[in-house]
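For reference, data-v5.txt is printed below; it contains compact mmCIF, C-alpha atoms.
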```
# COMPACT_ATOMS: atom_id res chain seq x y z
CA MET A 1369 24.44 11.78 196.31
CA PRO A 1370 20.69 11.02 195.98
CA THR A 1371 19.81 7.33 196.21
CA GLY A 1372 17.93 7.39 192.91
CA PHE A 1373 21.00 8.67 191.08
CA ARG A 1374 23.21 5.89 192.51
CA GLN A 1375 20.71 3.33 191.29
CA LEU A 1376 20.47 5.01 187.89
CA VAL A 1377 24.24 4.79 187.28
CA HIS A 1378 24.55 1.45 189.09
CA CYS A 1379 26.89 2.87 191.74
CA PRO A 1380 26.56 0.93 195.00
CA GLU A 1381 29.16 3.15 196.77
CA THR A 1382 28.21 6.12 198.87
CA GLU A 1383 29.94 9.45 198.41
CA LYS A 1384 31.91 8.75 201.59
CA ASP A 1385 33.06 5.37 200.19
CA VAL A 1386 34.25 7.00 196.98
CA LEU A 1387 36.14 9.74 198.82
CA THR A 1388 37.77 7.16 201.12
CA ARG A 1389 38.87 5.10 198.11
CA ILE A 1390 40.28 8.20 196.39
CA ARG A 1391 42.19 9.18 199.54
CA ASP A 1392 43.58 5.66 199.95
CA ASN A 1393 44.71 5.54 196.33
CA PHE A 1394 46.29 8.98 196.62
CA ASP A 1395 48.21 7.88 199.72
CA LYS A 1396 49.46 4.78 197.89
CA LEU A 1397 50.54 6.84 194.90
CA ARG A 1398 52.31 9.41 197.10
CA ASN A 1399 54.22 6.66 198.91
CA GLU A 1400 55.19 5.01 195.63
CA THR A 1401 56.42 8.33 194.24
CA PHE A 1402 58.66 8.92 197.24
CA SER A 1403 60.01 5.39 197.08
CA LEU A 1404 61.12 6.04 193.49
CA THR A 1405 63.72 8.51 194.72
CA PRO A 1406 66.59 6.36 196.03
CA TYR A 1407 68.73 7.50 198.94
CA ARG A 1408 71.97 5.88 200.05
CA ALA A 1409 74.25 6.97 202.87
CA VAL A 1410 77.91 5.98 202.56
CA THR A 1411 81.02 6.37 204.69
CA ALA A 1412 83.62 4.92 202.30
CA ALA A 1413 84.48 4.76 198.61
CA THR A 1414 81.64 3.50 196.44
CA THR A 1415 80.46 3.28 192.87
CA ALA A 1416 77.02 4.46 191.85
CA THR A 1417 74.70 1.67 190.77
CA VAL A 1418 71.58 1.45 188.63
CA ASP A 1419 69.60 1.59 191.89
CA ASP A 1420 71.06 5.06 192.59
CA ILE A 1421 69.82 6.61 189.32
CA ASN A 1422 67.73 9.75 189.95
CA GLY A 1423 68.55 9.50 193.65
CA THR A 1424 71.00 10.81 196.22
CA ILE A 1425 74.27 9.44 197.50
CA ASP A 1426 74.95 11.14 200.84
CA CYS A 1427 78.64 10.90 201.72
CA ASP A 1428 79.72 11.21 205.35
CA THR A 1429 83.35 12.29 205.09
CA THR A 1430 83.70 13.25 208.75
CA ASP A 1431 86.42 10.63 209.34
CA ALA A 1432 88.03 10.48 205.88
CA GLY A 1433 87.63 11.61 202.31
CA PHE A 1434 86.83 9.12 199.56
CA ALA A 1435 85.77 8.70 195.94
CA VAL A 1436 82.38 8.06 194.36
CA GLY A 1437 82.53 6.54 190.89
CA LEU A 1438 79.79 7.25 188.37
CA LEU A 1439 78.04 4.83 186.07
CA SER A 1440 78.68 5.07 182.36
CA ALA A 1441 76.49 7.82 180.91
CA ARG A 1442 76.04 5.84 177.71
CA GLY A 1443 72.47 4.63 177.33
CA ILE A 1444 71.12 6.62 180.29
CA ALA A 1445 70.96 10.16 178.86
CA GLY A 1446 68.77 12.40 180.99
CA ARG A 1447 69.20 10.35 184.15
CA GLN A 1448 70.61 12.09 187.20
CA HIS A 1449 72.64 11.51 190.34
CA THR A 1450 72.79 13.86 193.31
CA ILE A 1451 75.92 13.50 195.38
CA LYS A 1452 76.37 15.32 198.67
CA ASN A 1453 79.39 15.72 200.90
CA GLY A 1454 77.61 15.66 204.25
CA GLY A 1455 80.82 15.54 206.26
CA THR A 1456 82.15 18.11 208.70
CA GLY A 1457 85.76 16.97 209.03
CA GLY A 1458 87.27 18.95 206.16
CA ASN A 1459 87.56 15.86 203.94
CA ASP A 1460 86.60 15.82 200.28
CA VAL A 1461 84.42 13.59 198.10
CA THR A 1462 86.03 13.05 194.71
CA VAL A 1463 83.41 12.18 192.11
CA THR A 1464 85.01 10.25 189.26
CA ALA A 1465 83.65 9.81 185.74
CA PHE A 1466 83.46 6.36 184.18
CA SER A 1467 86.40 5.32 181.98
CA ASP A 1468 87.04 8.00 179.33
CA GLU A 1469 83.88 10.00 180.14
CA THR A 1470 84.00 13.40 181.82
CA ILE A 1471 82.08 15.63 184.21
CA ASP A 1472 81.87 19.03 182.50
CA GLY A 1473 85.06 18.17 180.61
CA ALA A 1474 87.05 16.97 183.65
CA ALA A 1475 87.74 13.43 184.85
CA THR A 1476 86.79 14.30 188.43
CA LEU A 1477 84.74 16.71 190.51
CA VAL A 1478 85.72 17.52 194.10
CA LEU A 1479 83.07 18.32 196.72
CA THR A 1480 84.08 19.91 200.01
CA ASP A 1481 82.06 19.77 203.26
CA GLY A 1482 78.41 20.61 202.61
CA GLN A 1483 78.65 20.81 198.84
CA VAL A 1484 76.11 19.08 196.62
CA ALA A 1485 76.40 18.21 192.94
CA ARG A 1486 73.42 17.30 190.80
CA LEU A 1487 74.77 15.56 187.72
CA GLN A 1488 72.93 14.62 184.54
CA ALA A 1489 74.01 12.05 181.98
CA THR A 1490 74.33 13.35 178.43
CA GLY A 1491 74.84 9.94 176.85
CA MET A 1492 78.56 10.66 176.42
CA GLY A 1493 79.45 12.01 179.86
CA TRP A 1494 78.04 14.03 182.74
CA ILE A 1495 77.17 17.70 183.27
CA ARG A 1496 76.68 19.50 186.54
CA LEU A 1497 73.31 21.22 186.81
```
Could the structure of this file be written out as structure tokens, please?
Amino acid sequence: MPTGFRQLVHCPETEKDVLTRIRDNFDKLRNETFSLTPYRAVTAATTATVDDINGTIDCDTTDAGFAVGLLSARGIAGRQHTIKNGGTGGNDVTVTAFSDETIDGAATLVLTDGQVARLQATGMGWIRL
């Protein structure tokens, strides 16, 4: 950028400075975006929490099967959970809906080794995408 132009627009930064600042801000934004996708590995029964919303619960069922309870879908319509059975021992993950809610009309959803379920809250229950 010509020196005269920088002085005209009162820009003390060089082109290199501006590009460095843009790159640094992009890196910060990229890291923040990735940190907004929660990941939790579990090896025993658990209940999804608010911190798990729009993230993944990775279930290691190699030693034993277990249940993962969902949050109430009321008040969080559009939010999602991804639940994976990452085990290799032939044990199941049983995903259970909250109270009287359902997952595609059923109280539970069973995931065998390697299966993944992406579930979305409807406000009244959960649907599998």
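Our summary of the geometry notes that CA of Ala1489 in chain A is positioned 6.2 Å from CA of Gln1448 in chain A.
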May I ask which of the residues A:Val1461, A:Met1492, A:Cys1427, A:Val1484 is the closest one to Arg1442 in chain A, counting all atoms listed in the file?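 Smallest separation from Arg1442 in chain A among the options: A:Met1492.
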Measure the distance from CA of Gly1423 in chain A to CA of Arg1391 in chain A in Å and round it to one decimal.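 That distance, rounded to one decimal, is 27.0 Å.
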Among A:Gly1455, A:Gly1482, A:Gly1433, A:Gly1446, Arg1496 in chain A is approached most closely, using all atoms listed in the file, by A:Gly1446
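In this comparison, which uses only C-alpha atoms, the residue of A:Lys1452, A:Arg1389, A:Lys1384, A:Arg1447 approaching Thr1424 in chain A most closely is A:Lys1452.
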Between CA of Ala1445 in chain A and CA of Thr1429 in chain A, distance in Å (one decimal):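 Pair CA of Ala1445 in chain A / CA of Thr1429 in chain A returns 29.1 Å.
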So that each row is one residue of range 1430-1463 of chain A with an atom at most 7 Å from range 1410-1414 of chain A, can you give its shortest atom pair and the distance in Å to one decimal, using only C-alpha atoms, rows by chain and rising number, as a Markdown table?
```
| residue | atom | partner | partner_atom | distance |
| --- | --- | --- | --- | --- |
| A:Phe1434 | CA | A:Ala1413 | CA | 5.0 |
| A:Ala1435 | CA | A:Ala1413 | CA | 4.9 |
| A:Val1436 | CA | A:Thr1414 | CA | 5.1 |
| A:Gly1437 | CA | A:Thr1414 | CA | 6.4 |
```
Compare A:Asp1472, A:Asp1419, A:Asp1426, A:Glu1383 by their minimum atom-to-atom distance to Leu1439 in chain A, counting all atoms listed in the file, and give me the closest one. A:Asp1419
Using all atoms listed in the file, the shortest atom-to-atom distance to Val1418 in chain A among A:Leu1438, A:Leu1477, A:Leu1497, A:Ala1485 belongs to A:Leu1438
Would you mind telling me which residue in A:Gly1493, A:Ile1471, A:Asp1392, A:Asp1431 lies nearest to Ile1444 in chain A when using only C-alpha atoms? A:Gly1493
